[in-house]
Structures are given as structure tokens and as C-alpha cells.
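run.txt (compact mmCIF, C-alpha atoms) appears below.
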```
# COMPACT_ATOMS: atom_id res chain seq x y z
CA MET I 178 -5.75 25.50 -132.14
CA SER I 179 -8.80 25.19 -129.94
CA SER I 180 -12.39 24.05 -130.43
CA THR I 181 -13.50 26.27 -127.52
CA THR I 182 -13.42 30.00 -126.90
CA THR I 183 -11.47 29.79 -123.63
CA THR I 184 -8.73 27.60 -122.25
CA PRO I 185 -9.95 25.91 -119.04
CA ALA I 186 -7.89 25.50 -115.92
CA LYS I 187 -6.58 21.99 -115.39
CA GLY I 188 -9.09 19.98 -113.37
CA LEU I 189 -11.65 22.75 -114.08
CA GLU I 190 -10.31 24.62 -111.06
CA GLY I 191 -12.22 27.85 -110.55
CA ILE I 192 -14.66 27.07 -113.37
CA VAL I 193 -18.35 27.66 -112.56
CA ALA I 194 -20.21 24.66 -113.99
CA ALA I 195 -23.73 25.14 -112.63
CA THR I 196 -26.04 27.38 -110.66
CA SER I 197 -27.30 25.94 -107.39
CA ALA I 198 -29.27 27.06 -104.34
CA ILE I 199 -27.99 24.26 -102.11
CA CYS I 200 -24.47 24.96 -100.85
CA TYR I 201 -22.50 28.19 -100.41
CA ILE I 202 -18.72 28.18 -99.97
CA ASP I 203 -16.33 31.10 -99.47
CA GLY I 204 -12.91 29.50 -99.50
CA ASP I 205 -11.07 32.70 -98.63
CA GLN I 206 -13.16 33.31 -95.51
CA GLY I 207 -13.59 29.65 -94.55
CA VAL I 208 -17.37 29.71 -94.92
CA LEU I 209 -19.57 26.69 -95.63
CA ALA I 210 -23.36 27.02 -95.55
CA TYR I 211 -26.30 24.83 -96.53
CA ARG I 212 -29.16 26.85 -98.02
CA GLY I 213 -27.44 29.93 -96.58
CA ILE I 214 -27.26 28.63 -92.98
CA ASP I 215 -23.71 28.56 -91.64
CA ILE I 216 -22.31 25.10 -90.94
CA HIS I 217 -21.29 26.23 -87.45
CA GLU I 218 -24.93 26.95 -86.60
CA LEU I 219 -26.07 23.61 -88.00
CA ALA I 220 -23.34 21.67 -86.19
CA SER I 221 -24.21 23.43 -82.94
CA HIS I 222 -28.01 23.33 -83.08
CA SER I 223 -29.31 20.99 -85.79
CA THR I 224 -29.60 17.24 -86.32
CA PHE I 225 -28.83 15.16 -89.38
CA GLU I 226 -32.55 14.57 -89.95
CA GLU I 227 -33.23 18.30 -89.88
CA THR I 228 -30.28 18.93 -92.18
CA CYS I 229 -31.66 16.39 -94.67
CA TYR I 230 -34.98 18.23 -94.72
CA LEU I 231 -33.16 21.54 -95.24
CA LEU I 232 -31.15 20.18 -98.18
CA TRP I 233 -34.14 18.53 -99.86
CA ASN I 234 -36.70 21.28 -99.27
CA GLY I 235 -34.73 24.49 -99.12
CA ARG I 236 -35.78 25.53 -95.61
CA LEU I 237 -35.73 24.33 -92.03
CA PRO I 238 -38.72 22.17 -91.05
CA ARG I 239 -41.42 23.02 -88.56
CA ARG I 240 -41.65 20.69 -85.56
CA ASP I 241 -44.32 18.50 -87.16
CA GLU I 242 -42.38 18.35 -90.44
CA LEU I 243 -39.22 17.25 -88.63
CA GLN I 244 -41.17 14.54 -86.83
CA GLN I 245 -42.60 13.44 -90.15
CA VAL I 246 -39.25 13.21 -91.95
CA SER I 247 -37.76 11.33 -88.97
CA GLN I 248 -40.67 8.88 -89.10
CA GLN I 249 -40.30 8.48 -92.85
CA LEU I 250 -36.60 7.69 -92.47
CA ALA I 251 -37.50 5.11 -89.81
CA THR I 252 -40.16 3.56 -92.05
CA GLU I 253 -37.71 3.25 -94.95
CA ARG I 254 -35.07 1.44 -92.87
CA LYS I 255 -35.63 -1.85 -94.66
CA LEU I 256 -33.79 -3.83 -97.30
CA ASP I 257 -35.17 -6.44 -99.66
CA SER I 258 -33.88 -9.89 -98.72
CA ALA I 259 -32.17 -10.07 -102.12
CA ILE I 260 -29.85 -7.22 -101.13
CA ILE I 261 -28.86 -9.05 -97.95
CA GLY I 262 -28.45 -12.22 -100.01
CA PHE I 263 -26.14 -10.41 -102.42
CA MET I 264 -23.96 -9.19 -99.55
CA ARG I 265 -23.71 -12.71 -98.17
CA GLN I 266 -22.38 -13.97 -101.50
CA VAL I 267 -19.76 -11.36 -102.41
CA PRO I 268 -16.09 -12.47 -102.30
CA LYS I 269 -14.51 -12.13 -98.89
CA LYS I 270 -11.92 -9.74 -100.33
CA ALA I 271 -14.65 -7.29 -101.44
CA LEU I 272 -14.18 -3.83 -99.98
CA PRO I 273 -17.13 -2.10 -98.29
CA MET I 274 -17.13 0.67 -100.94
CA GLU I 275 -17.34 -1.91 -103.74
CA VAL I 276 -20.25 -3.65 -102.05
CA LEU I 277 -22.02 -0.36 -101.33
CA ARG I 278 -21.64 0.85 -104.92
CA THR I 279 -23.09 -2.36 -106.36
CA ALA I 280 -25.83 -2.76 -103.76
CA VAL I 281 -27.10 0.79 -104.33
CA SER I 282 -27.37 0.11 -108.04
CA ALA I 283 -29.40 -3.04 -107.27
CA LEU I 284 -31.73 -1.12 -104.93
CA SER I 285 -33.46 0.35 -107.98
CA PHE I 286 -34.97 -3.07 -108.76
CA TYR I 287 -37.05 -2.85 -105.59
CA ASP I 288 -37.90 0.87 -105.51
CA PRO I 289 -41.57 1.59 -106.28
CA ASP I 290 -40.62 4.96 -107.80
CA GLU I 291 -37.78 3.60 -109.94
CA THR I 292 -39.07 4.94 -113.27
CA ASN I 293 -40.60 8.14 -111.90
CA ASN I 294 -38.36 11.21 -112.15
CA GLU I 295 -40.90 13.72 -110.87
CA HIS I 296 -39.97 15.95 -107.94
CA ASP I 297 -42.04 14.21 -105.24
CA ALA I 298 -40.86 10.78 -106.38
CA ASN I 299 -37.25 11.91 -106.18
CA VAL I 300 -37.79 13.19 -102.63
CA ARG I 301 -39.23 9.78 -101.68
CA LYS I 302 -36.23 8.06 -103.26
CA SER I 303 -33.92 10.40 -101.34
CA LEU I 304 -35.53 9.31 -98.07
CA ARG I 305 -35.23 5.64 -98.95
CA LEU I 306 -31.63 5.86 -100.09
CA THR I 307 -30.59 7.79 -96.98
CA SER I 308 -31.99 5.05 -94.76
CA GLN I 309 -30.87 2.16 -96.97
CA ILE I 310 -27.26 3.23 -97.48
CA ALA I 311 -26.72 3.36 -93.72
CA MET I 312 -28.23 -0.12 -93.41
CA ILE I 313 -26.05 -1.55 -96.20
CA VAL I 314 -22.82 -0.25 -94.67
CA ALA I 315 -23.68 -1.59 -91.22
CA ALA I 316 -25.06 -4.92 -92.44
CA TYR I 317 -22.10 -5.71 -94.69
CA ASP I 318 -19.59 -4.97 -91.96
CA ARG I 319 -21.36 -7.47 -89.69
CA LEU I 320 -21.75 -10.10 -92.41
CA ARG I 321 -18.07 -10.02 -93.33
CA LYS I 322 -17.26 -10.58 -89.65
CA GLY I 323 -19.53 -13.62 -89.42
CA LYS I 324 -22.32 -11.80 -87.59
CA GLU I 325 -25.96 -11.31 -88.51
CA PRO I 326 -27.37 -7.89 -89.42
CA VAL I 327 -29.06 -6.01 -86.59
CA ALA I 328 -32.62 -4.80 -87.15
CA PRO I 329 -33.06 -1.02 -86.81
CA ASP I 330 -34.71 0.54 -83.78
CA SER I 331 -37.40 3.06 -84.69
CA SER I 332 -36.91 4.86 -81.37
CA LEU I 333 -33.35 5.87 -82.25
CA SER I 334 -32.05 8.76 -84.33
CA HIS I 335 -30.38 8.16 -87.69
CA ALA I 336 -26.90 8.44 -86.15
CA ALA I 337 -27.75 6.22 -83.17
CA ASN I 338 -29.39 3.67 -85.45
CA PHE I 339 -26.27 3.40 -87.56
CA LEU I 340 -24.07 2.72 -84.52
CA TRP I 341 -26.68 0.28 -83.16
CA MET I 342 -26.89 -1.62 -86.46
CA LEU I 343 -23.10 -1.63 -86.72
CA ASN I 344 -22.18 -2.72 -83.20
CA GLY I 345 -25.34 -4.31 -81.80
CA GLU I 346 -25.08 -2.00 -78.80
CA LYS I 347 -26.95 1.19 -77.99
CA PRO I 348 -24.43 4.06 -78.31
CA SER I 349 -23.67 6.52 -75.57
CA SER I 350 -25.11 10.00 -75.93
CA THR I 351 -21.57 11.29 -76.58
CA ALA I 352 -21.03 8.81 -79.41
CA GLU I 353 -24.45 9.49 -80.91
CA LYS I 354 -23.90 13.25 -80.84
CA ALA I 355 -20.42 12.94 -82.32
CA LEU I 356 -21.62 10.88 -85.28
CA ASP I 357 -24.67 13.10 -85.76
CA ILE I 358 -22.45 16.19 -86.05
CA ALA I 359 -20.07 14.33 -88.37
CA LEU I 360 -23.01 13.44 -90.64
CA ILE I 361 -24.11 17.09 -90.71
CA LEU I 362 -20.60 18.29 -91.55
CA HIS I 363 -20.22 15.85 -94.45
CA ALA I 364 -23.73 16.25 -95.87
CA ASP I 365 -22.85 18.50 -98.81
CA HIS I 366 -19.96 20.40 -100.31
CA GLU I 367 -21.08 21.99 -103.55
CA LEU I 368 -19.69 20.55 -106.83
CA ASN I 369 -17.12 18.10 -105.50
CA ALA I 370 -16.25 15.19 -107.79
CA SER I 371 -18.96 12.80 -106.61
CA THR I 372 -21.72 15.43 -106.61
CA PHE I 373 -20.75 16.61 -110.08
CA ALA I 374 -20.76 13.00 -111.29
CA ALA I 375 -24.26 12.57 -109.88
CA ARG I 376 -25.52 15.72 -111.62
CA VAL I 377 -23.97 14.74 -114.96
CA THR I 378 -25.71 11.36 -114.80
CA ALA I 379 -29.02 12.87 -113.70
CA ALA I 380 -28.83 15.41 -116.51
CA THR I 381 -29.15 12.62 -119.07
CA LEU I 382 -32.58 11.90 -117.51
CA SER I 383 -31.25 8.71 -116.02
CA ASP I 384 -32.66 7.72 -112.62
CA MET I 385 -31.77 8.66 -109.05
CA HIS I 386 -30.12 5.30 -108.33
CA SER I 387 -27.87 5.60 -111.40
CA ALA I 388 -26.87 9.11 -110.36
CA VAL I 389 -26.02 7.99 -106.82
CA THR I 390 -24.11 4.99 -108.18
CA SER I 391 -22.07 7.40 -110.30
CA ALA I 392 -21.38 9.45 -107.19
CA LEU I 393 -20.26 6.36 -105.28
CA GLY I 394 -17.93 5.40 -108.12
CA ALA I 395 -16.32 8.84 -107.96
CA LEU I 396 -16.10 8.74 -104.16
CA LYS I 397 -14.29 5.40 -104.30
CA GLY I 398 -11.29 7.09 -105.93
CA PRO I 399 -8.52 7.92 -103.46
CA LEU I 400 -8.24 11.53 -104.67
CA HIS I 401 -11.79 12.15 -103.46
CA GLY I 402 -12.67 9.66 -100.73
CA GLY I 403 -10.19 7.91 -98.50
CA ALA I 404 -8.03 10.74 -97.16
CA ASN I 405 -9.20 10.09 -93.60
CA GLU I 406 -8.32 6.42 -94.09
CA GLU I 407 -4.78 7.49 -94.96
CA VAL I 408 -4.64 9.75 -91.91
CA MET I 409 -5.54 6.86 -89.63
CA ARG I 410 -3.10 4.48 -91.30
CA MET I 411 -0.39 7.09 -90.72
CA LEU I 412 -1.31 7.30 -87.02
CA PHE I 413 -1.33 3.50 -86.73
CA ALA I 414 2.10 3.34 -88.38
CA ILE I 415 3.49 5.91 -85.94
CA GLU I 416 2.16 3.92 -82.99
CA ARG I 417 3.47 0.58 -84.29
CA ALA I 418 6.94 2.01 -84.83
CA GLY I 419 6.94 3.79 -81.47
CA GLU I 420 7.92 6.99 -83.25
CA ASP I 421 7.38 10.58 -82.28
CA ALA I 422 4.49 11.92 -84.37
CA VAL I 423 6.26 15.14 -85.38
CA GLU I 424 9.47 13.33 -86.30
CA HIS I 425 7.45 10.93 -88.46
CA VAL I 426 5.82 13.69 -90.50
CA ARG I 427 9.10 15.58 -90.69
CA GLY I 428 10.51 12.48 -92.34
CA MET I 429 7.53 12.31 -94.70
CA LEU I 430 8.13 15.89 -95.80
CA ALA I 431 11.85 15.25 -96.26
CA ALA I 432 10.94 12.33 -98.53
CA LYS I 433 8.59 14.62 -100.51
CA LYS I 434 5.53 12.72 -99.29
CA LYS I 435 2.20 14.43 -98.78
CA VAL I 436 0.78 14.44 -95.25
CA PRO I 437 -2.86 13.31 -95.59
CA GLY I 438 -5.67 15.47 -94.24
CA MET I 439 -3.78 18.73 -94.67
CA GLY I 440 -4.78 21.54 -97.03
CA HIS I 441 -7.85 21.86 -99.23
CA ARG I 442 -8.52 22.64 -102.88
CA VAL I 443 -11.12 25.30 -101.97
CA TYR I 444 -10.34 26.67 -98.50
CA ARG I 445 -7.49 29.15 -98.01
CA THR I 446 -8.12 29.24 -94.27
CA GLU I 447 -9.25 26.52 -91.87
CA ASP I 448 -11.83 24.12 -93.23
CA PRO I 449 -14.86 25.07 -91.08
CA ARG I 450 -15.75 21.40 -90.69
CA ALA I 451 -12.38 20.67 -89.10
CA THR I 452 -13.20 23.11 -86.29
CA HIS I 453 -15.97 20.82 -85.02
CA LEU I 454 -14.27 17.52 -85.77
CA ARG I 455 -11.21 18.59 -83.78
CA ARG I 456 -13.37 19.24 -80.73
CA MET I 457 -15.31 16.00 -81.24
CA SER I 458 -12.10 13.99 -81.47
CA GLN I 459 -10.87 15.53 -78.23
CA ASP I 460 -14.18 15.04 -76.40
CA LEU I 461 -14.51 11.42 -77.52
CA GLY I 462 -10.91 10.71 -76.55
CA ARG I 463 -11.44 12.09 -73.06
CA SER I 464 -14.74 10.27 -72.51
CA SER I 465 -13.34 6.93 -73.72
CA GLY I 466 -9.88 7.18 -72.23
CA LYS I 467 -8.33 6.95 -75.72
CA GLU I 468 -6.82 10.40 -76.07
CA LYS I 469 -3.66 9.23 -77.86
CA TRP I 470 -5.13 9.59 -81.36
CA PHE I 471 -6.23 13.16 -80.72
CA ASP I 472 -2.94 14.05 -79.05
CA MET I 473 -0.92 12.71 -81.99
CA SER I 474 -3.19 14.47 -84.46
CA ARG I 475 -2.95 17.81 -82.69
CA ARG I 476 0.84 17.70 -82.60
CA ILE I 477 0.98 16.89 -86.30
CA GLU I 478 -1.49 19.65 -87.13
CA ASP I 479 0.46 22.25 -85.16
CA TYR I 480 3.72 21.24 -86.87
CA ILE I 481 2.32 21.29 -90.41
CA LYS I 482 0.57 24.60 -89.82
CA ARG I 483 3.79 26.10 -88.51
CA GLU I 484 6.12 24.65 -91.14
CA LYS I 485 3.93 24.49 -94.25
CA LYS I 486 1.19 27.02 -93.49
CA LEU I 487 -1.41 24.33 -94.22
CA ASN I 488 -4.60 23.82 -92.23
CA ALA I 489 -6.33 20.59 -91.31
CA ASN I 490 -9.23 19.67 -93.57
CA VAL I 491 -12.40 17.72 -92.82
CA ASP I 492 -10.60 14.38 -93.15
CA PHE I 493 -7.84 14.97 -90.61
CA TYR I 494 -9.85 14.79 -87.38
CA SER I 495 -12.65 12.61 -88.74
CA ALA I 496 -10.05 9.81 -88.74
CA SER I 497 -9.43 9.86 -84.98
CA THR I 498 -13.14 10.56 -84.35
CA TYR I 499 -14.27 7.43 -86.20
CA THR I 500 -11.52 5.27 -84.74
CA THR I 501 -12.44 6.32 -81.21
CA LEU I 502 -16.04 5.35 -82.04
CA GLY I 503 -14.72 1.84 -82.82
CA ILE I 504 -15.21 2.06 -86.59
CA ASP I 505 -12.88 0.15 -88.92
CA VAL I 506 -10.70 2.21 -91.25
CA ASP I 507 -12.14 0.77 -94.46
CA LEU I 508 -15.60 1.98 -93.35
CA PHE I 509 -14.55 5.64 -93.25
CA THR I 510 -15.36 6.32 -96.92
CA PRO I 511 -18.66 4.38 -96.84
CA ILE I 512 -19.65 6.47 -93.79
CA PHE I 513 -18.91 9.56 -95.87
CA ALA I 514 -21.58 8.20 -98.25
CA VAL I 515 -23.96 7.61 -95.31
CA SER I 516 -23.87 11.38 -94.86
CA ARG I 517 -23.30 12.71 -98.39
CA ILE I 518 -26.29 10.80 -99.77
CA SER I 519 -28.37 13.70 -98.44
CA GLY I 520 -26.42 16.20 -100.53
CA TRP I 521 -26.14 13.98 -103.60
CA THR I 522 -29.89 13.47 -103.71
CA ALA I 523 -30.56 17.18 -103.12
CA HIS I 524 -28.42 17.98 -106.15
CA VAL I 525 -30.13 15.33 -108.28
CA ILE I 526 -33.53 16.77 -107.31
CA GLU I 527 -32.33 20.28 -108.19
CA GLN I 528 -30.83 19.13 -111.49
CA LEU I 529 -33.98 17.33 -112.60
CA ASP I 530 -36.27 20.16 -111.50
CA ASP I 531 -34.68 22.42 -114.13
CA ASN I 532 -32.70 20.10 -116.33
CA ARG I 533 -30.36 20.69 -119.22
CA LEU I 534 -27.94 18.06 -120.48
CA ILE I 535 -24.44 18.76 -119.12
CA ARG I 536 -22.21 18.67 -122.18
CA PRO I 537 -19.01 20.75 -121.89
CA ARG I 538 -16.41 21.10 -124.63
CA ALA I 539 -12.72 20.16 -124.65
CA ASP I 540 -9.77 22.40 -125.47
CA TYR I 541 -8.18 20.50 -128.36
CA ILE I 542 -4.38 20.23 -128.15
CA GLY I 543 -3.79 17.42 -130.65
CA PRO I 544 -2.14 17.49 -134.13
CA LYS I 545 -3.04 20.52 -136.22
CA TYR I 546 -6.08 20.14 -138.44
CA PRO I 547 -6.12 18.97 -141.15
CA ASN I 548 -3.76 16.12 -140.35
CA PRO I 549 -3.88 14.06 -143.57
CA TYR I 550 -4.43 10.33 -143.50
CA VAL I 551 -1.31 8.44 -144.61
CA PRO I 552 -1.90 5.16 -146.50
CA MET I 553 -0.43 2.05 -144.90
CA GLU I 554 2.28 1.54 -147.55
CA GLN I 555 3.59 5.09 -147.04
CA ARG I 556 3.96 5.01 -143.24
```
Do you think you could lay out the structure here as C-alpha cells?
Amino acid sequence: MSSTTTTPAKGLEGIVAATSAICYIDGDQGVLAYRGIDIHELASHSTFEETCYLLWNGRLPRRDELQQVSQQLATERKLDSAIIGFMRQVPKKALPMEVLRTAVSALSFYDPDETNNEHDANVRKSLRLTSQIAMIVAAYDRLRKGKEPVAPDSSLSHAANFLWMLNGEKPSSTAEKALDIALILHADHELNASTFAARVTAATLSDMHSAVTSALGALKGPLHGGANEEVMRMLFAIERAGEDAVEHVRGMLAAKKKVPGMGHRVYRTEDPRATHLRRMSQDLGRSSGKEKWFDMSRRIEDYIKREKKLNANVDFYSASTYTTLGIDVDLFTPIFAVSRISGWTAHVIEQLDDNRLIRPRADYIGPKYPNPYVPMEQR
């Protein structure tokens, strides 16, 4: 007996839950596009700032518009002292994702547009959150290591500013470009778990900060965020044990363990984002003299593709890319948020511009109705 007219696929796989003009995916052909522009073109020619404008406004900016959005992002790189104070006081065991989730929720206290859900106000909040999330991730990492936060540099790009605020050193052009491309590649991916969570929250006419906090809560789960962390922990384990990379994963498969970073729920061919991250991992390895992580990754990828017919996804090579940039493993998922905030906010804007409460039904599989109530003395 069902309370709905159709039986849904488990996990809503293949179910269309919304219309959107933001992200196009063809999993069979390996296509990902933002506002119709192929991800390969954006990764090759665009910047994260330009990609943000595209996601929020539906088109590429003119030169003056790009300069304006870059300046606005620079202007919004500021945090109320209370947010820094909060990060100083959290328990030392607090994970960066936990701190980010809670800090973003608290940002609403200090946002001048907090109660305004109109389109222009939501665009302004999107700008602020994009700048602020990057600052929170960088500042907390320094604070937990006994260092002081680094003030942003308005002359630097968004990607370069993040690395500057994280490390206190101006990044090389190779490092800046690598992170910039990584941010573009992770900016949006249609109705993934975190984006859907954001849209559900926004649809109740809650606020932008609540929607993004919902997204962060979903991203914190290991079935959504964290796969690249597991990839890197696997590579570290192989190095510590002095094992051969292929033999290690062969043992994982024999033990019925999943190899992280392989396969994708949507793509039936190579994840188009992996194409660029593979090259970035190799280029960074060569320029830094730390090619071992790429070499291990490539051998594992070739073996899994040959034996299991599975392709690398976006997480597989982002692991070695971030590690070569000197980024700690537990920052990988927060850095995903540093990028995906652009897509989350674009979806919240779109949802609120033409809103209807998201309220699906469930396929009831419980006891047949009517199931009579049995008095206590008769049970």
C-alpha cells in the first residue's frame, strides 16, 4: 500500500526534483557545464571570480563587471571580532568542518541584509559569504596551530588570498593557478546532497545563512564530503608501510573494501573535473619536486580502471593536489566549501526568486492500514 502514485528509487536516484538554469550534467557523455558553458572551457580560460559572477547572474561578466565583483569580494574579506573570538574558544579537538558550520551560522548576526530575502540582498550575502568562508577556514587553521590570522591582501585574487591567509606566504603563480582551477571545478554540481539541503531550507523562506548552514551540515557527512581525505589517508598509509600502491589496492579489493575517489553516482565516463585535477596534480608535483603522490595516484587509477572499469572522480586527484600545496587533510572538505559556496548561494537565489515549498511524499511500506490499536492489557 502506498500513499504516493509512484515508487521512488532508493536515494531518489534518477528522480528530477527541481528545474534549474544553473548547472547542466550529462553523465553518459561526461559533460558538466555552468549556465551552459562547458567546465573544460571555464577551467582553461576563466577565474573563480568570473565563475562566481556567472553562477550568480546567469552570464559571463564584462570587463568592468568582473573588476567590480573582484573588488566587492575584496571589500567583504572581513570578519567581526566575535567570530574570531569564537574560533579562539572552541575545544582543541574541534574539527575545521564543525567550526566552519557553526561560524557560518553565527555570521548572520552581523550581516546587514540578514532579514532581507530579496534578490539583490541575496546576491550581496553571496558575495560576503564567499569571502568570509575562505577567511574562516584559513583563520581557524592558523589559530589551532598557535598562530595569528593573516589579514587579506586586496591586491591578490581569491585563490591567492586564501593561500596567503592560510600560510602567511605569497603563493607561486603555479600554486595560485592550481587552486583557482580547483575552485572553479568544485563550484557547482547540480542537486548534490548539500545543494539540495540548501534549497530545501531556503524554500521554507528561511534565510541565506540558514540554507548555507544546512548545506555545510550535509557536506560534513562522509558520504558527501571527505572522499579526497580518504584518498590521501590511503596514500599516506601506503607510504608509511613502504608498500607498492597497486598491491595495496589489490588487497583492499580482495578484502571487499571500496577504493576512495573511484566511480561516481552520475558519471558513466570520466568525471570531467578529474581531467584537470590530474594534470594539476602532475604539474604541481613536478614544480615542487614532490611527484610521488601523483605517481602513486596514477598507478592506482590505471589499475582500478583496468580491473574494475571505474574512472577517477573529482576527489581522487584533488587529494594529491591539495597535499602538494601544503594543505592539511582535514582542510580538504572545508576547502570544498570555499568553492561550493558560490554554487550553494546561486541555488538559494534561484530558489527564492521563484519559490515553492519543497515537500515531497513518502512511499509508505509500514503495517497495512487500518492497523487497530491494541489496549495495554491485551498485548
(request) Tell me, in Å to one decimal, how far atom CA of I:Thr196 is from atom CA of I:Ala364. (result) 18.7 Å
(message) Here is a test: counting only C-alpha atoms, which residue of I:Lys545, I:Arg278, I:Arg455, I:Arg321 is nearest to I:Ser391?
(response)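 Residue with the minimum atom-to-atom distance to I:Ser391: I:Arg278.
Atom CA of I:Met274 is positioned 24.2 Å from atom CA of I:Leu232.
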(message) Counting all atoms listed in the file, which residues sit no farther than 7 Å from the position (-12.7, 10.0, -92.4) in the file's frame? I'd like them as a list of chain:residue names.
(response) I:Gly403, I:Ala404, I:Asn405, I:Glu406, I:Asp492, I:Ser495, I:Ala496, I:Tyr499, I:Phe509, I:Thr510
Those same residues, written as a short mmCIF file (atom, residue, chain, number, x, y, z; two decimals), keeping the file's coordinate frame with C-alpha atoms?
```
data_model
loop_
_atom_site.label_atom_id
_atom_site.label_comp_id
_atom_site.auth_asym_id
_atom_site.auth_seq_id
_atom_site.Cartn_x
_atom_site.Cartn_y
_atom_site.Cartn_z
CA GLY I 403 -10.19 7.91 -98.50
CA ALA I 404 -8.03 10.74 -97.16
CA ASN I 405 -9.20 10.09 -93.60
CA GLU I 406 -8.32 6.42 -94.09
CA ASP I 492 -10.60 14.38 -93.15
CA SER I 495 -12.65 12.61 -88.74
CA ALA I 496 -10.05 9.81 -88.74
CA TYR I 499 -14.27 7.43 -86.20
CA PHE I 509 -14.55 5.64 -93.25
CA THR I 510 -15.36 6.32 -96.92
#
```
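Here atom CA of I:Ile261 stands at a distance of 17.2 Å from atom CA of I:Gly345.
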(message) Using only C-alpha atoms for the distances, tell me which of I:Trp233, I:Met312, I:Asn294, I:Ala198 is nearest to I:Ala251.
(response)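 Of all the options, I:Met312 lies closest to I:Ala251.
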(message) Just checking: using all atoms listed in the file, which residue out of I:Arg538, I:Pro399, I:Asp365, I:Lys269 ends up closest to I:Val515?
(response)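 Of all the options, I:Asp365 lies closest to I:Val515.
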Starting from the incomplete input, reconstruct all heavy atoms of stretch 205-213 of chain I and report them as a compact mmCIF listing (two decimals), in the frame of the given file.
```
# COMPACT_ATOMS: atom_id res chain seq x y z
N ASP I 205 -11.99 31.72 -99.22
CA ASP I 205 -11.07 32.70 -98.63
C ASP I 205 -11.42 32.99 -97.17
O ASP I 205 -10.53 33.22 -96.35
CB ASP I 205 -11.10 33.99 -99.44
CG ASP I 205 -10.53 33.81 -100.84
OD1 ASP I 205 -9.66 32.93 -101.02
OD2 ASP I 205 -10.97 34.52 -101.76
N GLN I 206 -12.71 33.01 -96.87
CA GLN I 206 -13.16 33.31 -95.51
C GLN I 206 -13.43 32.06 -94.67
O GLN I 206 -13.75 32.17 -93.49
CB GLN I 206 -14.42 34.18 -95.56
CG GLN I 206 -14.24 35.52 -96.26
CD GLN I 206 -13.21 36.40 -95.56
OE1 GLN I 206 -13.19 36.49 -94.34
NE2 GLN I 206 -12.35 37.03 -96.35
N GLY I 207 -13.33 30.89 -95.29
CA GLY I 207 -13.59 29.65 -94.55
C GLY I 207 -15.05 29.47 -94.21
O GLY I 207 -15.38 29.01 -93.11
N VAL I 208 -15.93 29.80 -95.15
CA VAL I 208 -17.37 29.71 -94.92
C VAL I 208 -17.96 28.53 -95.69
O VAL I 208 -17.68 28.34 -96.87
CB VAL I 208 -18.10 31.01 -95.36
CG1 VAL I 208 -19.61 30.85 -95.27
CG2 VAL I 208 -17.63 32.18 -94.52
N LEU I 209 -18.77 27.74 -95.01
CA LEU I 209 -19.57 26.69 -95.63
C LEU I 209 -20.98 26.84 -95.09
O LEU I 209 -21.19 26.95 -93.88
CB LEU I 209 -19.02 25.30 -95.28
CG LEU I 209 -19.91 24.10 -95.64
CD1 LEU I 209 -20.12 24.00 -97.14
CD2 LEU I 209 -19.30 22.80 -95.10
N ALA I 210 -21.97 26.87 -95.98
CA ALA I 210 -23.36 27.02 -95.55
C ALA I 210 -24.26 26.17 -96.42
O ALA I 210 -24.04 26.04 -97.63
CB ALA I 210 -23.79 28.49 -95.65
N TYR I 211 -25.27 25.56 -95.80
CA TYR I 211 -26.30 24.83 -96.53
C TYR I 211 -27.54 25.72 -96.60
O TYR I 211 -28.05 26.17 -95.56
CB TYR I 211 -26.69 23.53 -95.81
CG TYR I 211 -25.57 22.55 -95.56
CD1 TYR I 211 -25.71 21.57 -94.57
CD2 TYR I 211 -24.38 22.56 -96.28
CE1 TYR I 211 -24.72 20.64 -94.32
CE2 TYR I 211 -23.38 21.65 -96.02
CZ TYR I 211 -23.55 20.69 -95.04
OH TYR I 211 -22.56 19.78 -94.78
N ARG I 212 -28.00 25.98 -97.82
CA ARG I 212 -29.16 26.85 -98.02
C ARG I 212 -28.98 28.18 -97.28
O ARG I 212 -29.94 28.77 -96.76
CB ARG I 212 -30.45 26.16 -97.55
CG ARG I 212 -30.72 24.82 -98.20
CD ARG I 212 -31.16 24.97 -99.65
NE ARG I 212 -31.62 23.68 -100.21
CZ ARG I 212 -32.07 23.54 -101.45
NH1 ARG I 212 -32.13 24.58 -102.26
NH2 ARG I 212 -32.48 22.37 -101.88
N GLY I 213 -27.74 28.65 -97.20
CA GLY I 213 -27.44 29.93 -96.58
C GLY I 213 -27.19 29.88 -95.09
O GLY I 213 -26.77 30.88 -94.50
```
